[in-house]
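**Student:** Let me give you the structure first, and then I'll get to my questions.
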Protein chains: 2
Amino acid sequence: MEFRQLRYFAEVAAELHYGRAAAKLCVSQPALSQQIQLLESELGVELFDHVQRTRQRKVVLTEAGTVFLADAQRLLHLSRQAIETVRRVGAQQKSVALGYYQLLRPDRLVSIVQRFRQSFPEVQFQLRELPTFRAVQEALVAETIDLGLTMLPLLHAELAARPFGQGGLAVALPAAHFLAGAPDVALEALAHEKWVEISRPLHPVYDEIEHLCQQAGFSRRGAIVQEVSSLELLSNLVSLGIGIAFVPSFFDLSQVPGVVARPLRVAGPENVTLTQCVAYLAERPAPLLQALVALV
Amino acid sequence: MEFRQLRYFAEVAAELHYGRAAAKLCVSQPALSQQIQLLESELGVELFDHVQRTRQRKVVLTEAGTVFLADAQRLLHLSRQAIETVRRVGAQQKSVALGYYQLLRPDRLVSIVQRFRQSFPEVQFQLRELPTFRAVQEALVAETIDLGLTMLPLLHAELAARPFGQGGLAVALPAAHFLAGAPDVALEALAHEKWVEISRPLHPVYDEIEHLCQQAGFSRRGAIVQEVSSLELLSNLVSLGIGIAFVPSFFDLSQVPGVVARPLRVAGPENVTLTQCVAYLAERPAPLLQALVALV
DNA sequence: CGGTTCAATAAGTAATTCCTATCGATCTTT
DNA sequence: AAAGATCGATAGGAATTACTTATTGAACCG
């Protein structure tokens, strides 16, 4: 008997419908049927009657099922409580600093932090906004932060990461730009633009970008009018019309007025993808950090 | 979090020693370490301190571990109780007839039945001793019994089985026989014996036996002086010195005085093996029967 | 300083679980 | 009454997960 089976059973008992229960549990219906059958055969007892002799096809709890449901719910409840308790005790006086930069819309970040606090109410969370994806990784190595929301690739051997989402490239434009109205922007249309770029820590994807540009018939080498050191500065320069910039499509630019991001359209199959991740020091396998990583 | 992890954790907490705990749980030590680590990282809490700074290397529960142990034990206890309860309710007024023949030493049979009764106290168990392995399977098809302890192969398409042990061949001899003193018996030494055999339902293994005998330079065809219909009769005839007989090594002949079974030694790799099994009607997937099958 | 004990790690294998596709049966609709 | 729709069971293959053996690394002991 495993908790998974109890969760499945309780959900089916609540819905009295395999299809709906499976959807709620985010598994397929056959997986559900199978686990219920496994549970029944371990218990040696039928938990459901699949009444088809009456007019209406129905899934009904047997008497034994009703009795077992109460126990199953108690077990599930207790298990949740046990986790909560052990976390309350074990995570006391611990503190975790989470570093990030604006690669998440604020609501996603907030929801992550809320889940952190909910699961580990005793842990002190600190948030550190950092200017670039590279700064996040450097802060991890310097142990200024314990956990970082950043992008692949990892730039230090001591780091480990778990990816949690990816996206393509977008073009950050002044709202007044003549391309800002279109749903997306073709690379070729950008041949004669001026560019702003994050300088100090160049992401390797910029090599790929240059390569794509050359395939599209132009180069950005001479057209980068300004290099900046943070995403915030970058957005401001774009909004002022100093130049435009490539940014990951999941970047949050909404807090800067006058800037819009439009997906980049590239001819051919060469689609640049950028991967978001939670990163941490590999040699620090503290269970607390692992649990937090899993939460993201 | 799964019950397996709770069981592992509770055992390690009791032993405070991974190696011993693993042995008790019948898993390898790395599997145990791994599951404990998984549990810790799901909880986000360290459950054990692996104290090595003191003189003695020790595995010690952390404070959080101590707290969690209590909950884990409560959960395990409750789960056992829930199973017991649901069986008590669900298996009421059911009855199961178990057919067998003397292929098990009585103590093994008793221990199986005891486990049945312990797990399903409300179920009426009936025991039916049948003369041959074939009779057990026929009784299953005729639905005289619900579950049968017998041997492979299955002789009816409607039957399903789960094997639970196997053995080789032995020779049943009168206690006074000159070979009865040896630890085992070579096939060649039996060339001039008289034989007794179970007749009506010939097990296919007897073909193999005949083949082996011919390889050893003799045949039993003319030497079978008596065919009988049950194992009991067979034993009696052997004890009276009418002839000797081949029997599976796991047969129980101890209740018949004056008969001993000695393992057969066959030259070459052709070792006859016989497989014991629990058999039941395949089209009857009643959870109760499945649970009983799993108990064997 | 070698030998021993014990848990952690690594890598490959075995076992589960899960998913897609399909079936069989019932109920509804035309 | 026949065709479609609904719903759970089944089958077969893919992916994940747990387990095993072999090895490493750290601490203790002679």
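By order in the structure tokens, chains are A, B, ...; within a chain, residues start at 1; ligands start at 1, following the order shown.
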Please return, as JSON, numbers by chain, all residues of stretch 37-200 of chain A that DSSP assigns to strand (DSSP E or B) on the basis of the backbone.

**Tutor:** {"A": [48, 49, 50, 51, 58, 59, 60, 61, 95, 96, 97, 98, 99, 100, 124, 125, 126, 127, 128, 129, 147, 148, 149, 150, 151, 159, 160, 161, 162, 163, 164, 165, 166, 167, 169, 170, 171, 172, 173, 174, 185, 186, 195, 196, 197, 198]}

**Student:** For stretch 103-106 of chain A, work out the shell of residues within 7 Å, counting only C-alpha atoms (C1' of nucleotides) and skipping chain neighbours fewer than 2 positions away, then give it as a PyMOL selection string.

**Tutor:** chain A and resi 101+108-110+250-252

**Student:** Keeping only N, CA and C atoms, write the selected residues as an mmCIF file, in the first residue's frame.

**Tutor:**
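New file result_24.cif:
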```cif
data_model
loop_
_atom_site.group_PDB
_atom_site.id
_atom_site.type_symbol
_atom_site.label_atom_id
_atom_site.label_comp_id
_atom_site.auth_asym_id
_atom_site.auth_seq_id
_atom_site.Cartn_x
_atom_site.Cartn_y
_atom_site.Cartn_z
ATOM 1 N N TYR A 101 17.178 37.468 -11.190
ATOM 2 C CA TYR A 101 17.111 38.720 -11.923
ATOM 3 C C TYR A 101 15.853 38.687 -12.749
ATOM 4 N N ARG A 108 4.967 35.404 -11.013
ATOM 5 C CA ARG A 108 5.529 34.067 -10.888
ATOM 6 C C ARG A 108 6.507 34.007 -9.732
ATOM 7 N N LEU A 109 7.316 35.032 -9.629
ATOM 8 C CA LEU A 109 8.275 35.078 -8.529
ATOM 9 C C LEU A 109 7.555 35.073 -7.191
ATOM 10 N N VAL A 110 6.532 35.904 -7.115
ATOM 11 C CA VAL A 110 5.773 35.978 -5.874
ATOM 12 C C VAL A 110 5.170 34.628 -5.538
ATOM 13 N N PHE A 250 11.037 35.351 -22.129
ATOM 14 C CA PHE A 250 10.397 35.284 -20.813
ATOM 15 C C PHE A 250 10.825 36.434 -19.908
ATOM 16 N N PHE A 251 11.689 37.317 -20.394
ATOM 17 C CA PHE A 251 12.075 38.479 -19.598
ATOM 18 C C PHE A 251 10.865 39.344 -19.301
ATOM 19 N N ASP A 252 10.903 39.912 -18.122
ATOM 20 C CA ASP A 252 9.805 40.781 -17.749
ATOM 21 C C ASP A 252 10.203 42.235 -17.985
#
```

**Student:** Would you mind listing, for every residue of chain D within 12 Å of chain B, the two atoms forming the shortest contact and the distance between them in Å to one decimal, using only C-alpha atoms (C1' of nucleotides), sorted by chain and ascending residue number, as a tab-separated table?

**Tutor:**
```
residue	atom	partner	partner_atom	distance
D:DT17	C1'	B:Gln35	CA	11.1
D:DA18	C1'	B:Ala31	CA	7.6
D:DC19	C1'	B:Ala31	CA	6.1
D:DT20	C1'	B:Ser28	CA	7.2
D:DT21	C1'	B:Ser28	CA	9.7
D:DA22	C1'	B:Pro30	CA	11.4
D:DA26	C1'	B:Gln52	CA	9.0
D:DA27	C1'	B:Gln52	CA	7.1
D:DC28	C1'	B:Gln56	CA	7.8
D:DC29	C1'	B:Gln56	CA	11.5
```

**Student:** Could you please take those selected residues and save C-alpha atoms (C1' of nucleotides) as a PDB file, in the first residue's frame?

**Tutor:**
```
ATOM      1  C1'  DT D  17      12.087   4.783 -10.484  1.00  0.00           C
ATOM      2  C1'  DA D  18      14.111   1.579  -7.425  1.00  0.00           C
ATOM      3  C1'  DC D  19      17.465  -1.825  -6.744  1.00  0.00           C
ATOM      4  C1'  DT D  20      21.925  -4.452  -7.184  1.00  0.00           C
ATOM      5  C1'  DT D  21      26.966  -4.960  -7.458  1.00  0.00           C
ATOM      6  C1'  DA D  22      31.276  -2.777  -7.291  1.00  0.00           C
ATOM      7  C1'  DA D  26      36.468   8.659   5.725  1.00  0.00           C
ATOM      8  C1'  DA D  27      37.198   7.265  10.405  1.00  0.00           C
ATOM      9  C1'  DC D  28      38.686   3.997  13.712  1.00  0.00           C
ATOM     10  C1'  DC D  29      41.826   0.192  15.453  1.00  0.00           C
TER      11       DC D  29
END
```

**Student:** I'd like the contact shell of stretch 186-190 of chain A - 7 Å cut-off, only C-alpha atoms (C1' of nucleotides), skipping same-chain residues fewer than 5 positions apart - returned as a list in words.

**Tutor:** Ala216, Leu264, Arg265 and Val266 of chain A

**Student:** Would you list which chain A residues are within 6 Å of chain B using only C-alpha atoms, as a list in words?

**Tutor:**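 Taking only C-alpha atoms into account, Glu2, Phe3, Glu40, Ser41, Glu42, Gly44, Val45, Ala64, Phe68, Asp71, Ala82, Val86, Val89, Gly90, Pro287, Leu288, Gln290 and Ala291 of chain A sit within 6 Å of chain B.
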
**Student:** Export N, CA and C atoms of the chosen residues as a CSV table (one decimal), in the first residue's frame?

**Tutor:**
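This is the output file selection_29.csv:
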```csv
chain,number,residue,atom,x,y,z
A,2,GLU,N,0.6,2.1,-0.9
A,2,GLU,CA,1.4,3.4,-1.0
A,2,GLU,C,0.5,4.6,-1.0
A,3,PHE,N,1.1,5.7,-0.6
A,3,PHE,CA,0.3,6.9,-0.5
A,3,PHE,C,-0.3,7.3,-1.8
A,40,GLU,N,-6.9,-2.8,-4.5
A,40,GLU,CA,-7.9,-3.8,-4.1
A,40,GLU,C,-7.3,-5.1,-3.9
A,41,SER,N,-6.4,-5.5,-4.8
A,41,SER,CA,-5.9,-6.9,-4.7
A,41,SER,C,-4.9,-7.0,-3.6
A,42,GLU,N,-4.3,-5.9,-3.2
A,42,GLU,CA,-3.4,-6.0,-2.0
A,42,GLU,C,-4.3,-6.2,-0.7
A,44,GLY,N,-7.3,-7.3,-0.7
A,44,GLY,CA,-8.1,-8.5,-0.8
A,44,GLY,C,-9.6,-8.1,-0.7
A,45,VAL,N,-9.9,-6.9,-1.1
A,45,VAL,CA,-11.3,-6.4,-0.9
A,45,VAL,C,-11.7,-5.5,-2.1
A,64,ALA,N,-17.0,-1.8,2.4
A,64,ALA,CA,-15.6,-1.9,2.8
A,64,ALA,C,-14.9,-0.6,2.3
A,68,PHE,N,-12.9,2.1,4.4
A,68,PHE,CA,-11.5,2.4,4.1
A,68,PHE,C,-11.2,3.8,3.7
A,71,ASP,N,-10.3,5.8,6.7
A,71,ASP,CA,-8.9,5.6,7.1
A,71,ASP,C,-7.9,6.2,6.1
A,82,ALA,N,2.4,15.5,9.3
A,82,ALA,CA,3.7,15.1,9.7
A,82,ALA,C,4.8,15.9,8.9
A,86,VAL,N,7.5,18.3,10.8
A,86,VAL,CA,8.9,18.0,10.7
A,86,VAL,C,9.6,19.2,10.1
A,89,VAL,N,10.0,21.9,12.7
A,89,VAL,CA,11.1,21.7,13.7
A,89,VAL,C,12.4,21.8,13.0
A,90,GLY,N,12.5,21.1,11.8
A,90,GLY,CA,13.8,21.0,11.3
A,90,GLY,C,14.4,22.2,10.5
A,287,PRO,N,19.3,19.0,2.3
A,287,PRO,CA,17.9,18.6,1.9
A,287,PRO,C,17.0,19.8,1.8
A,288,LEU,N,17.2,20.8,2.6
A,288,LEU,CA,16.3,22.0,2.5
A,288,LEU,C,16.4,22.6,1.1
A,290,GLN,N,17.3,21.2,-1.6
A,290,GLN,CA,16.7,20.3,-2.6
A,290,GLN,C,15.2,20.4,-2.6
A,291,ALA,N,14.6,20.5,-1.4
A,291,ALA,CA,13.2,20.6,-1.4
A,291,ALA,C,12.7,21.9,-2.0
```

**Student:** Record the distance separating atom CA of B:Glu193 and atom CA of B:Gly241, expressed in Å with one decimal.

**Tutor:** 10.7 Å

**Student:** Only residues of chain B matter here; which ones have an atom within 8 Å of chain C, counting only C-alpha atoms (C1' of nucleotides)? Give them as an mmCIF file with N, CA and C atoms, in the first residue's frame.

**Tutor:**
```
data_model
loop_
_atom_site.group_PDB
_atom_site.id
_atom_site.type_symbol
_atom_site.label_atom_id
_atom_site.label_comp_id
_atom_site.auth_asym_id
_atom_site.auth_seq_id
_atom_site.Cartn_x
_atom_site.Cartn_y
_atom_site.Cartn_z
ATOM 1 N N TYR B 18 22.927 1.529 9.122
ATOM 2 C CA TYR B 18 22.356 1.273 7.805
ATOM 3 C C TYR B 18 22.476 -0.185 7.384
ATOM 4 N N GLY B 19 23.633 -0.758 7.639
ATOM 5 C CA GLY B 19 23.853 -2.132 7.204
ATOM 6 C C GLY B 19 22.848 -3.096 7.829
ATOM 7 N N PRO B 30 22.938 0.409 -0.196
ATOM 8 C CA PRO B 30 22.800 1.638 -0.988
ATOM 9 C C PRO B 30 21.345 2.025 -1.252
ATOM 10 N N SER B 33 20.206 3.898 1.810
ATOM 11 C CA SER B 33 20.764 5.249 1.860
ATOM 12 C C SER B 33 20.017 6.162 0.897
#
```

**Student:** So which residues of stretch 59-134 of chain B fall under alpha helix (DSSP H) by DSSP, listed as a PyMOL selection string?

**Tutor:** chain B and resi 63-90+106-119+133-134

**Student:** Only C-alpha atoms, please: the residues just picked out, written as a PDB file, in the first residue's frame.

**Tutor:**
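Listing of again28.pdb after writing:
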```
ATOM      1  CA  GLU B  63      15.750  16.609  16.667  1.00  0.00           C
ATOM      2  CA  ALA B  64      13.579  16.800  13.590  1.00  0.00           C
ATOM      3  CA  GLY B  65      14.211  13.115  12.994  1.00  0.00           C
ATOM      4  CA  THR B  66      13.000  12.256  16.470  1.00  0.00           C
ATOM      5  CA  VAL B  67       9.836  14.210  15.935  1.00  0.00           C
ATOM      6  CA  PHE B  68       9.280  12.644  12.543  1.00  0.00           C
ATOM      7  CA  LEU B  69       9.909   9.142  13.822  1.00  0.00           C
ATOM      8  CA  ALA B  70       6.891   9.395  16.078  1.00  0.00           C
ATOM      9  CA  ASP B  71       4.707  10.448  13.163  1.00  0.00           C
ATOM     10  CA  ALA B  72       6.186   7.815  10.897  1.00  0.00           C
ATOM     11  CA  GLN B  73       5.429   5.079  13.383  1.00  0.00           C
ATOM     12  CA  ARG B  74       1.927   6.379  13.878  1.00  0.00           C
ATOM     13  CA  LEU B  75       1.397   6.371  10.132  1.00  0.00           C
ATOM     14  CA  LEU B  76       2.740   2.844   9.765  1.00  0.00           C
ATOM     15  CA  HIS B  77       0.630   1.638  12.636  1.00  0.00           C
ATOM     16  CA  LEU B  78      -2.477   3.275  11.257  1.00  0.00           C
ATOM     17  CA  SER B  79      -1.881   1.831   7.825  1.00  0.00           C
ATOM     18  CA  ARG B  80      -1.650  -1.670   9.241  1.00  0.00           C
ATOM     19  CA  GLN B  81      -4.802  -1.064  11.190  1.00  0.00           C
ATOM     20  CA  ALA B  82      -6.601   0.303   8.172  1.00  0.00           C
ATOM     21  CA  ILE B  83      -5.754  -2.815   6.202  1.00  0.00           C
ATOM     22  CA  GLU B  84      -6.928  -5.019   9.025  1.00  0.00           C
ATOM     23  CA  THR B  85     -10.167  -3.106   9.346  1.00  0.00           C
ATOM     24  CA  VAL B  86     -11.033  -3.075   5.696  1.00  0.00           C
ATOM     25  CA  ARG B  87     -10.356  -6.779   5.472  1.00  0.00           C
ATOM     26  CA  ARG B  88     -12.548  -7.448   8.443  1.00  0.00           C
ATOM     27  CA  VAL B  89     -15.381  -5.575   6.817  1.00  0.00           C
ATOM     28  CA  GLY B  90     -14.854  -6.575   3.232  1.00  0.00           C
ATOM     29  CA  PRO B 106       2.737 -29.927   7.075  1.00  0.00           C
ATOM     30  CA  ASP B 107       4.425 -27.102   8.928  1.00  0.00           C
ATOM     31  CA  ARG B 108       4.656 -25.022   5.744  1.00  0.00           C
ATOM     32  CA  LEU B 109       1.021 -25.659   4.975  1.00  0.00           C
ATOM     33  CA  VAL B 110       0.033 -24.737   8.503  1.00  0.00           C
ATOM     34  CA  SER B 111       2.054 -21.547   8.338  1.00  0.00           C
ATOM     35  CA  ILE B 112       0.349 -20.553   5.104  1.00  0.00           C
ATOM     36  CA  VAL B 113      -3.099 -21.181   6.528  1.00  0.00           C
ATOM     37  CA  GLN B 114      -2.194 -19.297   9.685  1.00  0.00           C
ATOM     38  CA  ARG B 115      -1.119 -16.304   7.666  1.00  0.00           C
ATOM     39  CA  PHE B 116      -4.385 -16.526   5.731  1.00  0.00           C
ATOM     40  CA  ARG B 117      -6.420 -16.524   8.895  1.00  0.00           C
ATOM     41  CA  GLN B 118      -4.372 -13.779  10.439  1.00  0.00           C
ATOM     42  CA  SER B 119      -4.765 -11.514   7.425  1.00  0.00           C
ATOM     43  CA  PHE B 133      -1.339 -32.582  -8.477  1.00  0.00           C
ATOM     44  CA  ARG B 134      -3.738 -33.155 -11.343  1.00  0.00           C
TER      45      ARG B 134
END
```
